[in-house]
Amino acid sequence: MALPSLDSAIHQEQSLLLQFIYQCPVGLVEVDNQGGIRLLNALGVALLMPIAGADGIHNFCDLLRPRAPELVDLIAAPSPVGEICRNFRITILQPKASCHLSFTVIRLDALTMMIAFEDVTTIVDAERRALEALEAQAVQSGRIEMAATVLHDIGNAVTGIGTRSAQLLAEPAWPETENLARMSTLLQSQINVLTPALGERKATALAGLAAALERSLRQREITLREHMRNLASSVSHVQEILTIQRQYVHQRSGGSRNRVVLAELVYDAIAIHSAGLEKRGARLERRLPAQLPSLLLDRTRIVQVLGNLIRNACESFDTWEEGRLTRYLEIVAEHFKPGWVRLTLTDNGSGFPPECAESFFEAGVTTKPQGSGLGLATCRAIVESHGGRIWMESKGIGKGAAVFIDLPTDQTGDLYA
Amino acid sequence: MGLDNVVTHYNTWESSLSGLRPADVTGRNFFVEVAPCTNNYMVALRYEAPDLDETVDYVFSYRLRPVSVRLRLLKSSAQSRQFLLVERAGKP
């Protein structure tokens with residue numbers, strides 16, 4: 001006969017064991033071969049009740065057949081003792097939000113299976129976000145690779161163009177022009193000999209024709225030379241852009257910060273977008289004093305930001321009528337208070353309603369028909385990661401706009417660039 | 001329970017069904033510690049409303065066995081106590 005104290009000790013242990021299983025942070029269910037539920041713990045109820053609704057939870061297979069027939073088939077099929085499936089995920093679409101459950105099924109003996117499951121919704125969401133981030137990064141990497149290749153190939157082709165255009169410019173004056181000049185002089189001087197042969201009218205005409213030909217050819221040569229000079233200048237401009245862009249691409253899209261002279265970055269950004277400014281006939285004014293403190297900046301990123309702002313200014317000119325006022329873009333840098341440098345870009349383009357000023361910096365906002373470039377949200381992120389501030393002001397539509405960027409000089413506050 | 005979900009009274013009948021002694025239950029958070037099977041939007045989250053009078057068909061796992069029950073959820077903004085009444089449903 002067992003002692004009462006032993007009985008109660010065993011009973012207590014059993015209670016504790018039941019509690020242990022009951023409180024397990026994983027849903028636990030014991031089922032028979034038809035899916036009838038013999039045992040289930042608290043989390044099992046909590047996770048399955050939302051699926052069950054009014055019918056209650058009595059048969060696991062009946063409960064999940066409409067949602068996950070594949071899982072039910074696995075359970076219903078005959079199987080040896082051991083693991084039937086592990087971390088089998090299903091998605092439950094609920095009125096509020098879909099949730100994801102992960103099931104592990106083990107056969108304990110010929111008549112019994114144990115099913116362990118948990119809610120993995122947060123894990124699935126995190127996995128999806130990580131995948132998206134990875135894909136975005138891969139796309140970005142791909143773009144950089146492509147940019148590097150394109151720059152390289154174009155660079156080579158442009159070198160060829162540059163050489164040929166230099167050759168053209170270096171061509172000596174056309175000997176034909178000189179010969180024609182001589183012929184014209186000769187005819188002119190021999191006009192008395194020609195007159196009896198051809199008659200006065202024809203002789204004069206001949207001499208005149210030669211002179212006219214010579215003038216016209218000379219003029220054509222001058223015009224052609226001028227075109228070639230313009231061509232050479234365009235080619236050189238393209239080469240300049242390629243050089244600048246190659247620098248930035250090879251820096252592997254930024255990261256490192258160096259002491260830079262802000263004026264240099266402004267010049268680089270302007271050089272890259274000068275065609276856009278020219279196309280709109282915009283006048284560019286710069287006030288970049290030489291004694292600005294040098295700043296600790298990520299060159300690539302800041303040039304991207306500046307370029308984006310210049311392009312925005314150019315595009316604001318497009319939505320404003322031609323020839324209203326001379327279009328201008330003014331870029332001013334000043335050491336406006338100790339520890340801070342302020343860069344201001346002012347244009348007299350389309351402007352915007354003052355109350356919208358902040359909304360441009362929200363992610364996903366664009367007023368452009370084809371969104372391109374960095375986006376102001378990213379520009380702000382970059383400026384703020386340097387400890388700076390960026391904001392825009394405008395007095396209204398048609399009154400132009402100004403972008404202000406404040407950047408801190410570093411702690412030691414170097415005074416001279 | 002108090003409005004903080006801590007059990008203040010646990011009657012003997014429920015105790016005999018669940019096998020839990022009142023002493024073990026009072027003073028604990030009902031939805032988290034005593035009956036975590038009710039810790040979802042169907043039961044526990046309902047008590048966030050100021051007034052509550054709902055009947056919910058549910059399943060409790062007394063001693064790990066599924067038991068169909070009918071729950072009555074009661075709460076009044078005029079009182080400082082809230083109630084959960086449990087009735088065993090006819091089905092096994």
# chains A, B, ... in the order shown; residues from 1 in each chain; ligands from 1

call {"tool": "residues_around", "arguments": {"residues": "segment 280-289 of chain A", "least_positions_apart": "5", "cutoff": "9 Å", "atoms": "only C-alpha atoms", "output": "ChimeraX atom specification"}}
result
/A:262-263,266,275,314-315,317-318,322,326-334

call {"tool": "write_last_selection", "arguments": {"atoms": "C-alpha atoms", "output": "PDB file, in the first residue's frame"}}
result
ATOM      1  CA  LEU A 262      32.529  72.251 -50.578  1.00  0.00           C
ATOM      2  CA  ALA A 263      33.227  74.411 -53.626  1.00  0.00           C
ATOM      3  CA  VAL A 266      29.469  72.165 -56.100  1.00  0.00           C
ATOM      4  CA  ALA A 275      23.770  70.635 -70.076  1.00  0.00           C
ATOM      5  CA  CYS A 314      16.058  72.788 -63.934  1.00  0.00           C
ATOM      6  CA  GLU A 315      12.796  70.890 -63.972  1.00  0.00           C
ATOM      7  CA  PHE A 317      11.944  75.918 -65.013  1.00  0.00           C
ATOM      8  CA  ASP A 318      10.168  73.525 -67.363  1.00  0.00           C
ATOM      9  CA  GLU A 322       9.414  80.683 -71.454  1.00  0.00           C
ATOM     10  CA  THR A 326      15.756  85.460 -67.265  1.00  0.00           C
ATOM     11  CA  ARG A 327      15.948  82.123 -65.535  1.00  0.00           C
ATOM     12  CA  TYR A 328      18.663  81.869 -62.967  1.00  0.00           C
ATOM     13  CA  LEU A 329      20.011  79.497 -60.372  1.00  0.00           C
ATOM     14  CA  GLU A 330      22.136  80.977 -57.649  1.00  0.00           C
ATOM     15  CA  ILE A 331      24.341  78.857 -55.420  1.00  0.00           C
ATOM     16  CA  VAL A 332      25.780  80.553 -52.364  1.00  0.00           C
ATOM     17  CA  ALA A 333      27.928  79.110 -49.610  1.00  0.00           C
ATOM     18  CA  GLU A 334      28.650  80.960 -46.401  1.00  0.00           C
TER      19      GLU A 334
END

call {"tool": "closest_atom_pairs", "arguments": {"of": "chain A", "to": "chain B", "cutoff": "12 Å", "atoms": "only C-alpha atoms", "output": "tab-separated table"}}
result
residue	atom	partner	partner_atom	distance
A:His11	CA	B:Gly19	CA	11.7
A:Gln12	CA	B:Gly19	CA	11.7
A:Gln14	CA	B:Arg63	CA	10.4
A:Ser15	CA	B:Arg63	CA	8.8
A:Leu16	CA	B:Arg63	CA	11.0
A:Leu17	CA	B:Arg63	CA	10.3
A:Leu18	CA	B:Arg63	CA	6.7
A:Gln19	CA	B:Arg63	CA	8.3
A:Phe20	CA	B:Leu64	CA	10.7
A:Ile21	CA	B:Leu64	CA	8.1
A:Tyr22	CA	B:Leu64	CA	6.5
A:Gln23	CA	B:Pro36	CA	7.4
A:Cys24	CA	B:Pro36	CA	9.9
A:Pro25	CA	B:Pro36	CA	9.8
A:Val26	CA	B:Cys37	CA	11.6
A:Gly27	CA	B:Cys37	CA	9.7
A:Leu28	CA	B:Leu64	CA	9.4
A:Val29	CA	B:Leu64	CA	8.9
A:Glu30	CA	B:Leu64	CA	9.5
A:Val31	CA	B:Arg65	CA	11.2
A:Gly36	CA	B:Pro66	CA	10.4
A:Ile37	CA	B:Pro66	CA	7.4
A:Arg38	CA	B:Arg65	CA	6.1
A:Leu39	CA	B:Arg65	CA	4.7
A:Leu40	CA	B:Leu64	CA	5.0
A:Asn41	CA	B:Leu64	CA	5.4
A:Ala42	CA	B:Cys37	CA	3.9
A:Leu43	CA	B:Cys37	CA	5.4
A:Gly44	CA	B:Cys37	CA	7.2
A:Val45	CA	B:Cys37	CA	5.1
A:Ala46	CA	B:Cys37	CA	4.5
A:Leu47	CA	B:Asn40	CA	8.0
A:Leu48	CA	B:Cys37	CA	9.6
A:Met49	CA	B:Tyr58	CA	7.3
A:Pro50	CA	B:Met42	CA	7.2
A:Ile51	CA	B:Met42	CA	10.9
A:Ala52	CA	B:Tyr58	CA	9.2
A:Gly53	CA	B:Asp57	CA	7.9
A:Ala54	CA	B:Asp57	CA	5.9
A:Asp55	CA	B:Asp57	CA	8.1
A:Gly56	CA	B:Val59	CA	6.0
A:Ile57	CA	B:Val59	CA	6.6
A:His58	CA	B:Pro66	CA	7.1
A:Asn59	CA	B:Pro66	CA	10.2
A:Phe60	CA	B:Pro66	CA	11.5
A:Gln94	CA	B:Tyr41	CA	11.8
A:Pro95	CA	B:Tyr41	CA	11.8
A:Lys96	CA	B:Tyr41	CA	10.3

call {"tool": "select_by_dssp", "arguments": {"residues": "segment 198-344 of chain A", "states": "helix (DSSP H, G or I)", "output": "PyMOL selection string"}}
result
chain A and resi 198+200-250+262-279+299-318

call {"tool": "residues_around", "arguments": {"residues": "Ala76 of chain A", "least_positions_apart": "2", "cutoff": "8 Å", "atoms": "only C-alpha atoms", "output": "ChimeraX atom specification"}}
result
/A:33-35,72-74,78

call {"tool": "atom_distance", "arguments": {"atom1": "atom CA of Pro80 of chain A", "atom2": "atom CA of Ile92 of chain A"}}
result
28.8 Å

call {"tool": "atom_distance", "arguments": {"atom1": "atom CA of Pro408 of chain A", "atom2": "atom CA of Ile310 of chain A"}}
result
21.7 Å

call {"tool": "residues_around", "arguments": {"residues": "Trp13 of chain B", "least_positions_apart": "5", "cutoff": "12 Å", "atoms": "only C-alpha atoms", "output": "PyMOL selection string"}}
result
chain B and resi 18-22+85-88

call {"tool": "write_last_selection", "arguments": {"atoms": "N, CA, C and O atoms", "output": "CSV table (one decimal), in the first residue's frame"}}
result
chain,number,residue,atom,x,y,z
B,18,SER,N,-11.4,22.4,-13.5
B,18,SER,CA,-10.1,22.7,-14.1
B,18,SER,C,-9.0,22.0,-13.3
B,18,SER,O,-7.9,21.8,-13.9
B,19,GLY,N,-9.3,21.5,-12.1
B,19,GLY,CA,-8.3,20.9,-11.3
B,19,GLY,C,-7.3,21.9,-10.7
B,19,GLY,O,-6.3,21.6,-10.1
B,20,LEU,N,-7.6,23.2,-10.8
B,20,LEU,CA,-6.7,24.2,-10.2
B,20,LEU,C,-7.3,24.6,-8.9
B,20,LEU,O,-8.5,24.9,-8.8
B,21,ARG,N,-6.4,24.8,-7.9
B,21,ARG,CA,-6.9,25.2,-6.6
B,21,ARG,C,-7.1,26.7,-6.5
B,21,ARG,O,-6.2,27.4,-7.1
B,22,PRO,N,-8.1,27.2,-5.9
B,22,PRO,CA,-8.3,28.7,-5.9
B,22,PRO,C,-7.0,29.4,-5.3
B,22,PRO,O,-6.7,30.4,-5.8
B,85,LEU,N,-17.6,33.9,-17.0
B,85,LEU,CA,-18.4,32.8,-16.5
B,85,LEU,C,-18.3,31.7,-17.5
B,85,LEU,O,-18.3,31.8,-18.7
B,86,VAL,N,-18.1,30.5,-16.9
B,86,VAL,CA,-17.8,29.3,-17.8
B,86,VAL,C,-18.9,28.3,-17.6
B,86,VAL,O,-19.3,27.9,-16.5
B,87,GLU,N,-19.5,27.9,-18.7
B,87,GLU,CA,-20.5,26.8,-18.7
B,87,GLU,C,-20.1,25.7,-19.6
B,87,GLU,O,-19.7,26.0,-20.8
B,88,ARG,N,-20.1,24.5,-19.2
B,88,ARG,CA,-19.8,23.4,-20.1
B,88,ARG,C,-20.9,23.2,-21.1
B,88,ARG,O,-22.0,23.2,-20.8

call {"tool": "select_by_dssp", "arguments": {"residues": "chain B", "states": "strand (DSSP E or B)", "output": "count of residues only"}}
result
33

call {"tool": "atom_distance", "arguments": {"atom1": "atom CA of His273 of chain A", "atom2": "atom CA of Ala157 of chain A"}}
result
21.0 Å

call {"tool": "residues_around", "arguments": {"residues": "segment 5-12 of chain B", "least_positions_apart": "2", "cutoff": "7 Å", "atoms": "only C-alpha atoms", "output": "PyMOL selection string"}}
result
chain B and resi 1-3+14-16+22+25-30
